[in-house]
Amino acid sequence: MNHEKLKVLIVDDEELARKMLLTGADWNTMNMEITGEAVSGQDALSAMEEQLPDILFTDIKMPYMDGMELCNIVTRKYPHIKIVITTAFKDFDYAHQCISLGVSHFLLKPINRNDLISTLLKLREQIERERQQWLEVDHLREILKKNFAFLRERFLLEFCENSTRSASTEKQISYYFPEGVPICIQVTLLESHASHSGNLTEEERLLQDMKNLEFIKKYMEGTKDVELFADNNHHLVLLNYSPNLQVVTLCEQLKRSIYQTSGNEILFGIGNRYDSFYQAETSWQEALESLKYSRYMPDQPIVVYQNDIHVQNSGWTSPPAELEDIKFYIKAGLPDSVQKLLPSLYLTQDGNLLSLEHARILSMTLLSSAVNVANDIGIPLNDLFSDPGSSFMQILLKPSSRDLCNETGAFLTRLTTQIAECRTNKSKSALWDILQYIQANLTDASLSLGSVAETFHMNDSYLSRTFTKELGFSFSKYLNRLRMERAITLLSTTDLKAYQIAEAVGIPDAYYFSNCFKKYTGKSVRDYRKGAT
């Protein structure tokens with residue numbers, strides 16, 4: 001039986017009604033948790049993009065999108081969700097409509113505590129019964145047999161990215177390697193040089209990856225202790241478990257054969273071979289670093305990791321939160337924000353400059369992210385540098401951390417500025433028009449994925465996928481981030497009260513705004529304002 005807590009989403013435009021549900025049951029004892037609150041149907045649909053609830057409590061009468069419309073959409077898009085209608089209306093027609101929409105239960109306001117608990121117990125029993133059907137041994141074994149190869153590849157990808165030793169990992173390795181754990185590991189990453197061309201569509205890149213994958217698998221047919229599969233970043237992953245295989249020689253042969261057959265040039269990043277299978281993550285990171293160099297050095301498409309530029313085995317990692325902020329600003333075309341944040345990344349917690357070694361790691365990470373953004377948007381690196389390979393190496397070989405910070409910042413600013421200019425061209429992408437529309441209508445409480453999709457005559461699912469693909473995060477995250485950043489600015493520059501700021505950023509419910517603000521900043525509105533003064 002699955003013992004994970006059931007997720008519950010509460011949708012009601014009345015704060016008191018939401019609080020009644022929050023306090024009406026001991027959710028922990030019921031093995032449930034309230035994972036979100038929303039004030040309208042539109043807000044609820046946006047919240048569902050982030051995490052799918054198991055149970056939805058919704059009022060009928062709400063602004064912008066009422067509960068009936070919400071139920072209609074949810075039952076079509078998320079049929080597994082159990083819906084409970086909460087309303088003060090006792091009209092039988094409403095109840096009848098709800099039943100026809102697939103609603104599980106109907107509770108009248110004010111909600112009786114015993115009725116609520118009884119409903120939750122019934123829902124929990126129903127959900128557990130449905131889940132149990134999926135846990136039938138024979139059924140699962142059949143599914144597992146069909147998906148074994150895929151699951152093995154997913155496990156190996158996750159293992160290469162994080163090779164932490166644990167009892168769970170030991171069991172997984174034993175399962176996927178029934179003949180015994182490999183005695184060594186060496187990771188090589190391959191990617192098509194043409195995949196960096198902004199002229200290729202995503203479909204063309206995927207077809208190219210598939211073609212390369214099938215060719216190499218056929219070429220290596222019969223080779224023992226080697227396996228090949230694709231990851232989610234247009235890399236082919238070559239894992240070598242043999243201490244005798246000469247990987248560099250193999251890569252040279254593959255490069256030559258692929259070029260002779262298709263004219264396609266392949267880049268190779270090779271990590272070191274290790275005697276422990278649990279050092280897969282180290283070899284993986286080395287392969288990534290080597291692949292970065294091969295991108296910047298066109299005359300050296302096969303790169304074996306070495307410590308000429310000391311960027312590995314330092315025990316230091318870049319700050320993930322700040323890196324995500326930089327990526328956000330680059331993708332959004334906000335050069336001023338990049339310039340403002342970047343210098344702080346090159347400082348230690350004591351305010352001193354990072355060591356040269358750590359600064360190089362950071363610059364390489366930032367430059368690699370910038371290249372990926374440029375490729376996704378379709379900006380050739382030649383537009384920024386006459387010789388990208390030499391220019392990147394010139395940055396990475398700067399003699400001091402300060403020089404690395406300055407040169408990296410200059411490049412990122414140029415790229416971000418060009419992205420901003422690129423996005424102003426409507427022929428490039430309708431997404432830029434949508435981003436401008438969102439920023440211009442940020443104070444509109446009815447702004448949502450559905451309303452924006454309707455304004456631009458798009459399918460909401462397509463818009464959601466486009467957002468995630470192009471920007472790397474969902475519509476609701478983008479909208480929430482803009483609203484919270486605007487709220488932070490208003491807190492720092494005005495004397496507006498919290499409820500006034502909430503209205504000014506398009507969230508008329510002050511209680512809901514306070515929850516969103518604390519989740520985003522880690523502080524309450526009052527504490528944040530105290531810290532800013």
# chains A, B, ... in the order shown; residues from 1 in each chain; ligands from 1
>>> residues_around(residues="A:Ser514", least_positions_apart="4", cutoff="8 Å", atoms="only C-alpha atoms", output="JSON, numbers by chain")
{"A": [498, 510, 518, 524, 525]}
>>> select_by_dssp(residues="stretch 170-281 of chain A", states="alpha helix (DSSP H)", output="short mmCIF file (atom, residue, chain, number, x, y, z; two decimals) with N, CA and C atoms, in the first residue's frame")
data_model
loop_
_atom_site.label_atom_id
_atom_site.label_comp_id
_atom_site.auth_asym_id
_atom_site.auth_seq_id
_atom_site.Cartn_x
_atom_site.Cartn_y
_atom_site.Cartn_z
N GLU A 170 21.76 0.29 -3.52
CA GLU A 170 22.34 -1.06 -3.58
C GLU A 170 21.33 -2.04 -4.16
N LYS A 171 20.09 -1.96 -3.71
CA LYS A 171 19.06 -2.86 -4.20
C LYS A 171 18.80 -2.62 -5.69
N GLN A 172 18.78 -1.36 -6.09
CA GLN A 172 18.53 -1.05 -7.50
C GLN A 172 19.66 -1.58 -8.38
N ILE A 173 20.90 -1.41 -7.93
CA ILE A 173 22.05 -1.91 -8.70
C ILE A 173 21.98 -3.43 -8.83
N SER A 174 21.65 -4.09 -7.74
CA SER A 174 21.54 -5.55 -7.77
C SER A 174 20.45 -5.99 -8.74
N TYR A 175 19.37 -5.21 -8.81
CA TYR A 175 18.27 -5.55 -9.70
C TYR A 175 18.64 -5.35 -11.16
N TYR A 176 19.27 -4.21 -11.45
CA TYR A 176 19.59 -3.89 -12.84
C TYR A 176 20.88 -4.56 -13.33
N GLU A 202 13.22 21.38 -32.66
CA GLU A 202 13.36 20.34 -31.64
C GLU A 202 13.16 18.96 -32.26
N GLU A 203 12.21 18.85 -33.17
CA GLU A 203 11.96 17.57 -33.82
C GLU A 203 13.18 17.12 -34.62
N GLU A 204 13.80 18.08 -35.35
CA GLU A 204 14.97 17.74 -36.14
C GLU A 204 16.13 17.29 -35.24
N ARG A 205 16.27 17.94 -34.09
CA ARG A 205 17.34 17.56 -33.16
C ARG A 205 17.10 16.16 -32.60
N LEU A 206 15.84 15.86 -32.27
CA LEU A 206 15.52 14.54 -31.75
C LEU A 206 15.74 13.45 -32.80
N LEU A 207 15.34 13.73 -34.04
CA LEU A 207 15.55 12.76 -35.11
C LEU A 207 17.04 12.53 -35.34
N GLN A 208 17.81 13.60 -35.25
CA GLN A 208 19.25 13.48 -35.41
C GLN A 208 19.86 12.64 -34.29
N ASP A 209 19.41 12.86 -33.06
CA ASP A 209 19.89 12.06 -31.93
C ASP A 209 19.55 10.58 -32.12
N MET A 210 18.31 10.32 -32.58
CA MET A 210 17.90 8.93 -32.79
C MET A 210 18.74 8.26 -33.87
N LYS A 211 19.03 9.02 -34.93
CA LYS A 211 19.84 8.47 -36.01
C LYS A 211 21.24 8.12 -35.51
N ASN A 212 21.83 9.04 -34.75
CA ASN A 212 23.17 8.77 -34.20
C ASN A 212 23.14 7.59 -33.23
N LEU A 213 22.09 7.53 -32.41
CA LEU A 213 21.98 6.45 -31.42
C LEU A 213 21.91 5.09 -32.11
N GLU A 214 21.06 4.98 -33.13
CA GLU A 214 20.91 3.71 -33.82
C GLU A 214 22.19 3.33 -34.56
N PHE A 215 22.87 4.32 -35.15
CA PHE A 215 24.10 4.03 -35.88
C PHE A 215 25.17 3.50 -34.93
N ILE A 216 25.35 4.16 -33.79
CA ILE A 216 26.41 3.76 -32.86
C ILE A 216 26.09 2.41 -32.22
N LYS A 217 24.81 2.18 -31.89
CA LYS A 217 24.44 0.87 -31.33
C LYS A 217 24.78 -0.25 -32.31
N LYS A 218 24.48 -0.03 -33.57
CA LYS A 218 24.78 -1.04 -34.57
C LYS A 218 26.28 -1.20 -34.74
N TYR A 219 27.00 -0.08 -34.68
CA TYR A 219 28.46 -0.12 -34.83
C TYR A 219 29.09 -0.92 -33.68
N VAL A 247 38.75 3.76 -24.87
CA VAL A 247 37.59 4.58 -25.22
C VAL A 247 37.96 5.66 -26.25
N VAL A 248 39.15 6.25 -26.12
CA VAL A 248 39.54 7.29 -27.07
C VAL A 248 39.60 6.73 -28.49
N THR A 249 40.17 5.55 -28.63
CA THR A 249 40.24 4.91 -29.94
C THR A 249 38.85 4.64 -30.48
N LEU A 250 37.95 4.15 -29.61
CA LEU A 250 36.58 3.90 -30.02
C LEU A 250 35.91 5.18 -30.51
N CYS A 251 36.12 6.28 -29.77
CA CYS A 251 35.51 7.55 -30.14
C CYS A 251 36.05 8.05 -31.48
N GLU A 252 37.33 7.90 -31.70
CA GLU A 252 37.91 8.31 -32.98
C GLU A 252 37.29 7.52 -34.13
N GLN A 253 37.10 6.22 -33.92
CA GLN A 253 36.49 5.39 -34.95
C GLN A 253 35.04 5.80 -35.20
N LEU A 254 34.30 6.06 -34.12
CA LEU A 254 32.92 6.48 -34.25
C LEU A 254 32.81 7.82 -34.98
N LYS A 255 33.67 8.75 -34.58
CA LYS A 255 33.66 10.07 -35.22
C LYS A 255 33.87 9.95 -36.72
N ARG A 256 34.86 9.16 -37.10
CA ARG A 256 35.20 9.00 -38.52
C ARG A 256 34.07 8.30 -39.27
N SER A 257 33.52 7.24 -38.69
CA SER A 257 32.47 6.47 -39.36
C SER A 257 31.20 7.29 -39.54
N ILE A 258 30.80 8.02 -38.50
CA ILE A 258 29.59 8.83 -38.59
C ILE A 258 29.75 9.93 -39.63
N TYR A 259 30.91 10.55 -39.65
CA TYR A 259 31.13 11.63 -40.61
C TYR A 259 31.12 11.10 -42.05
N GLN A 260 31.76 9.94 -42.24
CA GLN A 260 31.80 9.35 -43.58
C GLN A 260 30.42 8.91 -44.04
N THR A 261 29.59 8.48 -43.11
CA THR A 261 28.27 7.98 -43.46
C THR A 261 27.25 9.10 -43.66
N SER A 262 27.25 10.09 -42.76
CA SER A 262 26.20 11.11 -42.79
C SER A 262 26.71 12.53 -42.94
N ALA A 280 30.72 6.84 -10.53
CA ALA A 280 30.10 7.21 -11.80
C ALA A 280 29.84 8.71 -11.87
N GLU A 281 29.41 9.31 -10.75
CA GLU A 281 29.10 10.73 -10.75
C GLU A 281 30.33 11.58 -11.06
#
>>> select_by_dssp(residues="stretch 3-126 of chain A", states="strand (DSSP E)", output="ChimeraX atom specification")
/A:6-11,32-38,55-59,82-87,105-108
>>> residues_around(residues="A:Ser46", least_positions_apart="4", cutoff="9 Å", atoms="only C-alpha atoms", output="list in words")
Gly41, Gln42, Glu50, Ser448, Leu449, Gly450, Ser474, Phe475, Ser476 and Lys477 of chain A
>>> write_last_selection(atoms="all heavy atoms", output="PDB file, in the first residue's frame")
ATOM      1  N   GLY A  41     -11.085  29.570  -9.818  1.00  0.00           N
ATOM      2  CA  GLY A  41     -10.825  28.408 -10.650  1.00  0.00           C
ATOM      3  C   GLY A  41      -9.569  28.558 -11.470  1.00  0.00           C
ATOM      4  O   GLY A  41      -8.813  27.598 -11.672  1.00  0.00           O
ATOM      5  N   GLN A  42      -9.314  29.770 -11.955  1.00  0.00           N
ATOM      6  CA  GLN A  42      -8.115  30.006 -12.759  1.00  0.00           C
ATOM      7  C   GLN A  42      -6.849  29.798 -11.938  1.00  0.00           C
ATOM      8  O   GLN A  42      -5.891  29.163 -12.396  1.00  0.00           O
ATOM      9  CB  GLN A  42      -8.149  31.431 -13.332  1.00  0.00           C
ATOM     10  CG  GLN A  42      -9.233  31.624 -14.382  1.00  0.00           C
ATOM     11  CD  GLN A  42      -9.334  33.057 -14.852  1.00  0.00           C
ATOM     12  OE1 GLN A  42      -9.045  33.992 -14.099  1.00  0.00           O
ATOM     13  NE2 GLN A  42      -9.741  33.245 -16.088  1.00  0.00           N
ATOM     14  N   GLU A  50       1.848  22.795 -10.996  1.00  0.00           N
ATOM     15  CA  GLU A  50       3.005  22.574 -10.137  1.00  0.00           C
ATOM     16  C   GLU A  50       2.958  21.193  -9.485  1.00  0.00           C
ATOM     17  O   GLU A  50       3.952  20.480  -9.446  1.00  0.00           O
ATOM     18  CB  GLU A  50       3.076  23.656  -9.040  1.00  0.00           C
ATOM     19  CG  GLU A  50       3.097  25.071  -9.583  1.00  0.00           C
ATOM     20  CD  GLU A  50       4.282  25.307 -10.477  1.00  0.00           C
ATOM     21  OE1 GLU A  50       5.362  24.773 -10.207  1.00  0.00           O
ATOM     22  OE2 GLU A  50       4.126  26.013 -11.490  1.00  0.00           O
ATOM     23  N   SER A 448      -4.353  34.611 -15.945  1.00  0.00           N
ATOM     24  CA  SER A 448      -4.082  33.191 -15.716  1.00  0.00           C
ATOM     25  C   SER A 448      -3.651  32.553 -17.019  1.00  0.00           C
ATOM     26  O   SER A 448      -3.701  33.180 -18.088  1.00  0.00           O
ATOM     27  CB  SER A 448      -5.336  32.478 -15.189  1.00  0.00           C
ATOM     28  OG  SER A 448      -6.320  32.419 -16.210  1.00  0.00           O
ATOM     29  N   LEU A 449      -3.239  31.314 -16.936  1.00  0.00           N
ATOM     30  CA  LEU A 449      -2.856  30.579 -18.134  1.00  0.00           C
ATOM     31  C   LEU A 449      -4.008  30.539 -19.132  1.00  0.00           C
ATOM     32  O   LEU A 449      -3.816  30.784 -20.332  1.00  0.00           O
ATOM     33  CB  LEU A 449      -2.445  29.154 -17.751  1.00  0.00           C
ATOM     34  CG  LEU A 449      -2.064  28.228 -18.907  1.00  0.00           C
ATOM     35  CD1 LEU A 449      -0.761  28.668 -19.542  1.00  0.00           C
ATOM     36  CD2 LEU A 449      -1.941  26.781 -18.418  1.00  0.00           C
ATOM     37  N   GLY A 450      -5.204  30.252 -18.636  1.00  0.00           N
ATOM     38  CA  GLY A 450      -6.354  30.164 -19.528  1.00  0.00           C
ATOM     39  C   GLY A 450      -6.705  31.484 -20.183  1.00  0.00           C
ATOM     40  O   GLY A 450      -6.998  31.526 -21.382  1.00  0.00           O
ATOM     41  N   SER A 474       7.246  26.869 -15.435  1.00  0.00           N
ATOM     42  CA  SER A 474       5.843  26.923 -15.824  1.00  0.00           C
ATOM     43  C   SER A 474       5.301  28.349 -15.812  1.00  0.00           C
ATOM     44  O   SER A 474       5.900  29.276 -15.260  1.00  0.00           O
ATOM     45  CB  SER A 474       5.013  26.066 -14.868  1.00  0.00           C
ATOM     46  OG  SER A 474       5.013  26.639 -13.575  1.00  0.00           O
ATOM     47  N   PHE A 475       4.124  28.495 -16.422  1.00  0.00           N
ATOM     48  CA  PHE A 475       3.449  29.794 -16.462  1.00  0.00           C
ATOM     49  C   PHE A 475       3.191  30.314 -15.058  1.00  0.00           C
ATOM     50  O   PHE A 475       3.460  31.483 -14.754  1.00  0.00           O
ATOM     51  CB  PHE A 475       2.128  29.647 -17.231  1.00  0.00           C
ATOM     52  CG  PHE A 475       1.297  30.902 -17.252  1.00  0.00           C
ATOM     53  CD1 PHE A 475       1.417  31.815 -18.282  1.00  0.00           C
ATOM     54  CD2 PHE A 475       0.393  31.166 -16.235  1.00  0.00           C
ATOM     55  CE1 PHE A 475       0.659  32.974 -18.302  1.00  0.00           C
ATOM     56  CE2 PHE A 475      -0.372  32.328 -16.236  1.00  0.00           C
ATOM     57  CZ  PHE A 475      -0.241  33.238 -17.276  1.00  0.00           C
ATOM     58  N   SER A 476       2.659  29.455 -14.190  1.00  0.00           N
ATOM     59  CA  SER A 476       2.306  29.912 -12.844  1.00  0.00           C
ATOM     60  C   SER A 476       3.537  30.357 -12.056  1.00  0.00           C
ATOM     61  O   SER A 476       3.487  31.326 -11.296  1.00  0.00           O
ATOM     62  CB  SER A 476       1.571  28.811 -12.086  1.00  0.00           C
ATOM     63  OG  SER A 476       2.350  27.650 -11.997  1.00  0.00           O
ATOM     64  N   LYS A 477       4.668  29.651 -12.244  1.00  0.00           N
ATOM     65  CA  LYS A 477       5.897  30.062 -11.567  1.00  0.00           C
ATOM     66  C   LYS A 477       6.362  31.419 -12.066  1.00  0.00           C
ATOM     67  O   LYS A 477       6.810  32.273 -11.290  1.00  0.00           O
ATOM     68  CB  LYS A 477       6.996  29.019 -11.795  1.00  0.00           C
ATOM     69  CG  LYS A 477       7.015  27.889 -10.794  1.00  0.00           C
ATOM     70  CD  LYS A 477       8.282  27.069 -10.904  1.00  0.00           C
ATOM     71  CE  LYS A 477       8.350  26.005  -9.824  1.00  0.00           C
ATOM     72  NZ  LYS A 477       9.589  25.199  -9.909  1.00  0.00           N
TER      73      LYS A 477
END
>>> residues_around(residues="A:Met20", least_positions_apart="6", cutoff="10 Å", atoms="only C-alpha atoms", output="NGL selection string")
:A and (109-113)
>>> write_last_selection(atoms="N, CA, C and O atoms", output="mmCIF file, in the first residue's frame")
data_model
loop_
_atom_site.group_PDB
_atom_site.id
_atom_site.type_symbol
_atom_site.label_atom_id
_atom_site.label_comp_id
_atom_site.auth_asym_id
_atom_site.auth_seq_id
_atom_site.Cartn_x
_atom_site.Cartn_y
_atom_site.Cartn_z
ATOM 1 N N LYS A 109 -22.262 24.548 3.335
ATOM 2 C CA LYS A 109 -21.675 25.483 4.297
ATOM 3 C C LYS A 109 -22.760 25.955 5.260
ATOM 4 O O LYS A 109 -23.920 26.134 4.854
ATOM 5 N N PRO A 110 -22.411 26.247 6.510
ATOM 6 C CA PRO A 110 -21.097 25.992 7.125
ATOM 7 C C PRO A 110 -20.858 24.499 7.288
ATOM 8 O O PRO A 110 -21.781 23.751 7.618
ATOM 9 N N ILE A 111 -19.650 24.079 7.035
ATOM 10 C CA ILE A 111 -19.326 22.660 6.971
ATOM 11 C C ILE A 111 -19.292 22.063 8.372
ATOM 12 O O ILE A 111 -18.600 22.572 9.260
ATOM 13 N N ASN A 112 -20.018 20.978 8.533
ATOM 14 C CA ASN A 112 -20.022 20.248 9.801
ATOM 15 C C ASN A 112 -18.751 19.409 9.886
ATOM 16 O O ASN A 112 -18.389 18.710 8.945
ATOM 17 N N ARG A 113 -18.068 19.473 11.022
ATOM 18 C CA ARG A 113 -16.800 18.767 11.194
ATOM 19 C C ARG A 113 -16.956 17.260 10.980
ATOM 20 O O ARG A 113 -16.136 16.629 10.307
#
>>> residues_around(residues="A:Thr466", least_positions_apart="3", cutoff="12 Å", atoms="only C-alpha atoms", output="PyMOL selection string")
chain A and resi 202+429-432+434+449+453+458-463+469-475
>>> closest_atom_pairs(of="stretch 336-357 of chain A", to="stretch 361-375 of chain A", cutoff="9 Å", atoms="only C-alpha atoms", output="CSV")
residue,atom,partner,partner_atom,distance
A:Leu345,CA,A:Leu362,CA,8.2
A:Tyr346,CA,A:Leu362,CA,7.8
A:Leu356,CA,A:Ile361,CA,8.7
A:Glu357,CA,A:Ile361,CA,6.5
>>> write_last_selection(atoms="C-alpha atoms", output="JSON list (two decimals), in the first residue's frame")
[["chain", "number", "residue", "atom", "x", "y", "z"],
["A", 345, "LEU", "CA", 28.28, 35.14, -7.13],
["A", 346, "TYR", "CA", 32.05, 35.60, -7.17],
["A", 356, "LEU", "CA", 40.73, 31.32, -8.99],
["A", 357, "GLU", "CA", 39.81, 27.62, -9.15]]
